[in-house]
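> Structure in structure tokens, see below.
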Amino acid sequence: MGWFTNRDKAWEIKQTLILLGVVGISSFLSLGVLTPIFIFAFGSQVKISRWTQTAVFIGMLYLALLFIVLFVYILGVNPTSFLALNYISFYIYIVYLSISVPEYLQRLDLKNFINLEKGKEYSYYTIMDQLNNLEANKSIKESFLSNLKAFKRQITNSKLSDDVDEIIRLIDVIIVNETTSTDLLLERHVSTIENSLIQYIELSNSYHKSEQVMSSIHKLEELIKYACIALENELSMMIENQVLDVGGEASVYLSVLKGRGLL
């Protein structure tokens, strides 16, 4: 965890050094002439519009200073004071960029996950929390389906293999018809089904097939069959609740229309 982002501190230091280093070196070598170009490039990368506006202003200021320095040089006057003013302006801008480093780093990280819009403010930690929650939910479902398919390849019992196929089909339908209760539904079944299949595969591959082992295998087969039935019933209830919600909304809507004399 870094100071300003969820990245590590090494990444933040590296990106900060690149930003201030490029701007600083270009300003030192070009007396500030090329500074606005690099500021514009960095600002455009993370869609910070005020950097673009400031770059244009600084560019015009530097050009004006250079014209004055050139004019003074032609007159034979030592232009040291004007060059010093040029460098002072550069250092002031470096300080300004340093103040904006946290925002720059956050937007630089965010652009890996979302399409940034120019001039739009973003709450970094709110967006990252939302992305993490989405990834966590997604990973649970995908991991469960992936594990089921892996388990199925290790099962030789055709009846149990069909039950696992049916569970995969039901989970796919449940995810498509996702509601706020979907995560709770999966939590009720995922752990038990996975553990049961792991135990079943281990016992099936055991060389010691005692009566107790065979009894346990049979119980696990029954458990998977009942899990399949339970998921089917859960899906039916989910669909019925959706239908009831739609029907309830329709009834309320019709009652309102009738009450207003529109029907």
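Each chain of the structure tokens is named A, B, ... in the order shown, its residues numbered from 1; ligands are numbered from 1 in display order.
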Would you list the contacts of A:Ile48 as a ChimeraX atom specification, taking every protein, DNA or RNA residue within 12 Å and counting only C-alpha atoms, but skipping same-chain residues closer than 2 positions in sequence?

/A:39-46,50-55,97,100-101,103-108,116-122

> So, with only C-alpha atoms as the atoms that count, which of A:Ile167, A:Ser158, A:Thr5, A:Phe113 lies closest to A:Glu194?

A:Ile167

> May I ask for the distance between atom CA of A:Glu166 and atom CA of A:Asn205, given in Å to one decimal place?

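Spanning atom CA of A:Glu166 to atom CA of A:Asn205 is a straight-line distance of 23.3 Å.
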
> Under the rule that only C-alpha atoms are counted, which of A:Val190, A:Leu17, A:Glu211, A:Ile174 is the nearest residue to A:Glu232?

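Closest to A:Glu232 of all the choices is A:Ile174.
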
> Excluding A:Ala150 and residues on its chain fewer than 2 positions from it, collect all residues at most 12 Å away from it, counting only C-alpha atoms, and give them as an mmCIF file with all heavy atoms, in the first residue's frame.


```
data_model
loop_
_atom_site.group_PDB
_atom_site.id
_atom_site.type_symbol
_atom_site.label_atom_id
_atom_site.label_comp_id
_atom_site.auth_asym_id
_atom_site.auth_seq_id
_atom_site.Cartn_x
_atom_site.Cartn_y
_atom_site.Cartn_z
ATOM 1 N N SER A 143 -14.803 -18.975 -9.916
ATOM 2 C CA SER A 143 -14.018 -20.017 -9.274
ATOM 3 C C SER A 143 -14.871 -21.264 -9.022
ATOM 4 O O SER A 143 -14.409 -22.399 -9.238
ATOM 5 C CB SER A 143 -13.448 -19.489 -7.954
ATOM 6 O OG SER A 143 -12.774 -20.506 -7.257
ATOM 7 N N PHE A 144 -16.107 -21.061 -8.590
ATOM 8 C CA PHE A 144 -17.006 -22.180 -8.316
ATOM 9 C C PHE A 144 -17.290 -22.964 -9.598
ATOM 10 O O PHE A 144 -17.189 -24.207 -9.625
ATOM 11 C CB PHE A 144 -18.304 -21.658 -7.710
ATOM 12 C CG PHE A 144 -19.278 -22.733 -7.326
ATOM 13 C CD1 PHE A 144 -18.854 -23.872 -6.667
ATOM 14 C CD2 PHE A 144 -20.628 -22.597 -7.624
ATOM 15 C CE1 PHE A 144 -19.755 -24.870 -6.303
ATOM 16 C CE2 PHE A 144 -21.525 -23.588 -7.271
ATOM 17 C CZ PHE A 144 -21.093 -24.726 -6.604
ATOM 18 N N LEU A 145 -17.604 -22.253 -10.675
ATOM 19 C CA LEU A 145 -17.883 -22.932 -11.945
ATOM 20 C C LEU A 145 -16.645 -23.660 -12.464
ATOM 21 O O LEU A 145 -16.735 -24.780 -12.974
ATOM 22 C CB LEU A 145 -18.373 -21.913 -12.981
ATOM 23 C CG LEU A 145 -19.798 -21.369 -12.766
ATOM 24 C CD1 LEU A 145 -20.099 -20.260 -13.769
ATOM 25 C CD2 LEU A 145 -20.825 -22.482 -12.884
ATOM 26 N N SER A 146 -15.494 -23.007 -12.331
ATOM 27 C CA SER A 146 -14.246 -23.629 -12.794
ATOM 28 C C SER A 146 -13.938 -24.897 -12.001
ATOM 29 O O SER A 146 -13.535 -25.921 -12.572
ATOM 30 C CB SER A 146 -13.101 -22.626 -12.659
ATOM 31 O OG SER A 146 -11.879 -23.207 -13.018
ATOM 32 N N ASN A 147 -14.161 -24.831 -10.693
ATOM 33 C CA ASN A 147 -13.913 -26.005 -9.848
ATOM 34 C C ASN A 147 -14.876 -27.147 -10.187
ATOM 35 O O ASN A 147 -14.473 -28.317 -10.207
ATOM 36 C CB ASN A 147 -14.052 -25.625 -8.372
ATOM 37 C CG ASN A 147 -12.909 -24.752 -7.893
ATOM 38 O OD1 ASN A 147 -11.843 -24.723 -8.504
ATOM 39 N ND2 ASN A 147 -13.126 -24.042 -6.808
ATOM 40 N N LEU A 148 -16.137 -26.804 -10.419
ATOM 41 C CA LEU A 148 -17.121 -27.840 -10.770
ATOM 42 C C LEU A 148 -16.713 -28.576 -12.047
ATOM 43 O O LEU A 148 -16.812 -29.808 -12.125
ATOM 44 C CB LEU A 148 -18.505 -27.212 -10.948
ATOM 45 C CG LEU A 148 -19.245 -26.797 -9.672
ATOM 46 C CD1 LEU A 148 -20.553 -26.098 -10.025
ATOM 47 C CD2 LEU A 148 -19.509 -27.996 -8.775
ATOM 48 N N LYS A 152 -15.764 -32.509 -12.380
ATOM 49 C CA LYS A 152 -16.522 -33.374 -13.292
ATOM 50 C C LYS A 152 -15.592 -34.267 -14.124
ATOM 51 O O LYS A 152 -15.905 -35.423 -14.403
ATOM 52 C CB LYS A 152 -17.398 -32.516 -14.211
ATOM 53 C CG LYS A 152 -18.247 -33.308 -15.203
ATOM 54 C CD LYS A 152 -19.100 -32.382 -16.037
ATOM 55 C CE LYS A 152 -19.878 -33.197 -17.067
ATOM 56 N NZ LYS A 152 -18.999 -33.805 -18.070
ATOM 57 N N ARG A 153 -14.429 -33.705 -14.508
ATOM 58 C CA ARG A 153 -13.486 -34.477 -15.323
ATOM 59 C C ARG A 153 -12.888 -35.657 -14.548
ATOM 60 O O ARG A 153 -12.356 -36.592 -15.146
ATOM 61 C CB ARG A 153 -12.372 -33.560 -15.839
ATOM 62 C CG ARG A 153 -12.832 -32.586 -16.912
ATOM 63 C CD ARG A 153 -11.652 -31.920 -17.590
ATOM 64 N NE ARG A 153 -10.931 -31.026 -16.690
ATOM 65 C CZ ARG A 153 -11.194 -29.730 -16.571
ATOM 66 N NH1 ARG A 153 -12.173 -29.194 -17.277
ATOM 67 N NH2 ARG A 153 -10.499 -28.974 -15.732
ATOM 68 N N GLN A 154 -12.965 -35.588 -13.223
ATOM 69 C CA GLN A 154 -12.381 -36.648 -12.391
ATOM 70 C C GLN A 154 -13.425 -37.660 -11.916
ATOM 71 O O GLN A 154 -13.085 -38.604 -11.199
ATOM 72 C CB GLN A 154 -11.697 -36.020 -11.171
ATOM 73 C CG GLN A 154 -10.605 -35.016 -11.519
ATOM 74 C CD GLN A 154 -10.027 -34.360 -10.277
ATOM 75 O OE1 GLN A 154 -9.459 -35.041 -9.424
ATOM 76 N NE2 GLN A 154 -10.158 -33.051 -10.173
ATOM 77 N N ILE A 155 -14.685 -37.449 -12.309
ATOM 78 C CA ILE A 155 -15.772 -38.326 -11.852
ATOM 79 C C ILE A 155 -16.095 -39.357 -12.933
ATOM 80 O O ILE A 155 -16.331 -38.993 -14.095
ATOM 81 C CB ILE A 155 -17.025 -37.495 -11.510
ATOM 82 C CG1 ILE A 155 -16.727 -36.587 -10.305
ATOM 83 C CG2 ILE A 155 -18.219 -38.399 -11.225
ATOM 84 C CD1 ILE A 155 -17.824 -35.593 -9.998
ATOM 85 N N SER A 161 -21.964 -37.413 -12.565
ATOM 86 C CA SER A 161 -21.483 -36.478 -13.575
ATOM 87 C C SER A 161 -22.639 -35.665 -14.148
ATOM 88 O O SER A 161 -22.513 -34.452 -14.374
ATOM 89 C CB SER A 161 -20.764 -37.237 -14.685
ATOM 90 O OG SER A 161 -20.279 -36.348 -15.666
ATOM 91 N N VAL A 164 -23.633 -33.033 -11.591
ATOM 92 C CA VAL A 164 -22.704 -31.894 -11.610
ATOM 93 C C VAL A 164 -22.984 -31.003 -12.819
ATOM 94 O O VAL A 164 -22.956 -29.770 -12.723
ATOM 95 C CB VAL A 164 -21.240 -32.382 -11.622
ATOM 96 C CG1 VAL A 164 -20.275 -31.197 -11.794
ATOM 97 C CG2 VAL A 164 -20.913 -33.133 -10.339
ATOM 98 N N ASP A 165 -23.266 -31.616 -13.962
ATOM 99 C CA ASP A 165 -23.640 -30.850 -15.159
ATOM 100 C C ASP A 165 -24.868 -29.991 -14.889
ATOM 101 O O ASP A 165 -24.944 -28.829 -15.313
ATOM 102 C CB ASP A 165 -23.928 -31.800 -16.326
ATOM 103 C CG ASP A 165 -22.700 -32.037 -17.195
ATOM 104 O OD1 ASP A 165 -21.799 -31.177 -17.190
ATOM 105 O OD2 ASP A 165 -22.644 -33.074 -17.868
ATOM 106 N N ILE A 168 -23.990 -27.022 -12.723
ATOM 107 C CA ILE A 168 -23.324 -25.995 -13.541
ATOM 108 C C ILE A 168 -24.355 -25.202 -14.330
ATOM 109 O O ILE A 168 -24.299 -23.970 -14.400
ATOM 110 C CB ILE A 168 -22.292 -26.643 -14.487
ATOM 111 C CG1 ILE A 168 -21.119 -27.220 -13.684
ATOM 112 C CG2 ILE A 168 -21.773 -25.618 -15.504
ATOM 113 C CD1 ILE A 168 -20.147 -28.033 -14.513
ATOM 114 N N GLU A 194 -18.521 -28.086 -2.980
ATOM 115 C CA GLU A 194 -17.102 -28.271 -3.299
ATOM 116 C C GLU A 194 -16.452 -29.286 -2.361
ATOM 117 O O GLU A 194 -15.726 -30.174 -2.805
ATOM 118 C CB GLU A 194 -16.366 -26.928 -3.223
ATOM 119 C CG GLU A 194 -16.664 -25.998 -4.387
ATOM 120 C CD GLU A 194 -15.782 -24.760 -4.378
ATOM 121 O OE1 GLU A 194 -15.184 -24.471 -3.312
ATOM 122 O OE2 GLU A 194 -15.671 -24.099 -5.420
ATOM 123 N N LEU A 197 -17.616 -32.856 -3.200
ATOM 124 C CA LEU A 197 -17.006 -33.407 -4.411
ATOM 125 C C LEU A 197 -15.533 -33.752 -4.192
ATOM 126 O O LEU A 197 -15.032 -34.748 -4.719
ATOM 127 C CB LEU A 197 -17.161 -32.415 -5.564
ATOM 128 C CG LEU A 197 -18.594 -32.278 -6.116
ATOM 129 C CD1 LEU A 197 -18.682 -31.136 -7.109
ATOM 130 C CD2 LEU A 197 -19.041 -33.586 -6.763
ATOM 131 N N ILE A 198 -14.843 -32.925 -3.416
ATOM 132 C CA ILE A 198 -13.434 -33.221 -3.106
ATOM 133 C C ILE A 198 -13.335 -34.535 -2.341
ATOM 134 O O ILE A 198 -12.500 -35.398 -2.656
ATOM 135 C CB ILE A 198 -12.811 -32.060 -2.291
ATOM 136 C CG1 ILE A 198 -12.651 -30.821 -3.176
ATOM 137 C CG2 ILE A 198 -11.459 -32.479 -1.725
ATOM 138 C CD1 ILE A 198 -12.231 -29.577 -2.413
ATOM 139 N N ILE A 201 -14.139 -37.577 -4.657
ATOM 140 C CA ILE A 201 -13.039 -37.931 -5.567
ATOM 141 C C ILE A 201 -11.922 -38.636 -4.804
ATOM 142 O O ILE A 201 -11.345 -39.621 -5.277
ATOM 143 C CB ILE A 201 -12.516 -36.664 -6.277
ATOM 144 C CG1 ILE A 201 -13.585 -36.122 -7.240
ATOM 145 C CG2 ILE A 201 -11.228 -36.946 -7.032
ATOM 146 C CD1 ILE A 201 -13.297 -34.751 -7.781
#
```

> Ranking A:Val56, A:Asn195, A:Leu19, A:Leu170 by minimum distance to A:Ile37 and counting only C-alpha atoms, which one comes first?

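That would be A:Val56, the residue with the smallest distance to A:Ile37.
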
> For the structure I just gave you, how does DSSP split stretch 201-231 of chain A - specifically, which residues are helix (DSSP H, G or I)? Reply as a list in words.

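After running DSSP on the backbone, stretch 201-231 of chain A has helix (DSSP H, G or I) at Ile201, Glu202, Leu203, Ser204, Glu211, Gln212, Val213, Met214, Ser215, Ser216, Ile217, His218, Lys219, Leu220, Glu221, Glu222, Leu223, Ile224, Lys225, Tyr226, Ala227, Cys228, Ile229, Ala230 and Leu231 of chain A.
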
> Kindly export the residues of the current selection with C-alpha atoms, as a compact mmCIF listing (two decimals), in the first residue's frame.


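Result file follows (part38.txt):
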```
# COMPACT_ATOMS: atom_id res chain seq x y z
CA ILE A 201 -13.04 -37.93 -5.57
CA GLU A 202 -10.57 -38.76 -2.80
CA LEU A 203 -12.64 -41.74 -1.61
CA SER A 204 -13.28 -42.95 -5.17
CA GLU A 211 -17.88 -51.05 3.42
CA GLN A 212 -17.54 -47.81 5.36
CA VAL A 213 -15.81 -46.12 2.41
CA MET A 214 -18.49 -47.29 -0.03
CA SER A 215 -21.19 -46.08 2.35
CA SER A 216 -19.56 -42.65 2.53
CA ILE A 217 -19.31 -42.50 -1.28
CA HIS A 218 -23.02 -43.34 -1.56
CA LYS A 219 -23.91 -40.62 0.99
CA LEU A 220 -21.90 -38.05 -0.92
CA GLU A 221 -23.64 -39.02 -4.17
CA GLU A 222 -26.99 -38.56 -2.41
CA LEU A 223 -25.82 -35.20 -1.03
CA ILE A 224 -24.89 -33.90 -4.50
CA LYS A 225 -28.26 -35.08 -5.85
CA TYR A 226 -30.10 -33.21 -3.09
CA ALA A 227 -27.91 -30.14 -3.63
CA CYS A 228 -28.97 -30.20 -7.27
CA ILE A 229 -32.64 -30.37 -6.25
CA ALA A 230 -32.15 -27.56 -3.71
CA LEU A 231 -30.54 -25.29 -6.32
```

> Suppose you want the space between atom CA of A:Glu187 and atom CA of A:Asp162; what is it in Å?

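Calculated distance between atom CA of A:Glu187 and atom CA of A:Asp162 is 22.5 Å.
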
> Mind giving me the straight-line distance from atom CA of A:Ile193 to atom CA of A:Lys141 in Å, one decimal?

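We find that atom CA of A:Ile193 and atom CA of A:Lys141 lie 13.2 Å from each other.
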
> Would you mind listing what lies within 8 Å of A:Glu12 as a PyMOL selection string, with only C-alpha atoms counted and same-chain residues fewer than 4 positions away left out?

chain A and resi 2-5+7-8+16+105

> Choose the residue, out of A:Leu20, A:Ser210, A:Ile25, A:Lys14, that has the smallest atom-to-atom separation from A:Ile99; count only C-alpha atoms.

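Smallest distance to A:Ile99 is found for A:Leu20.
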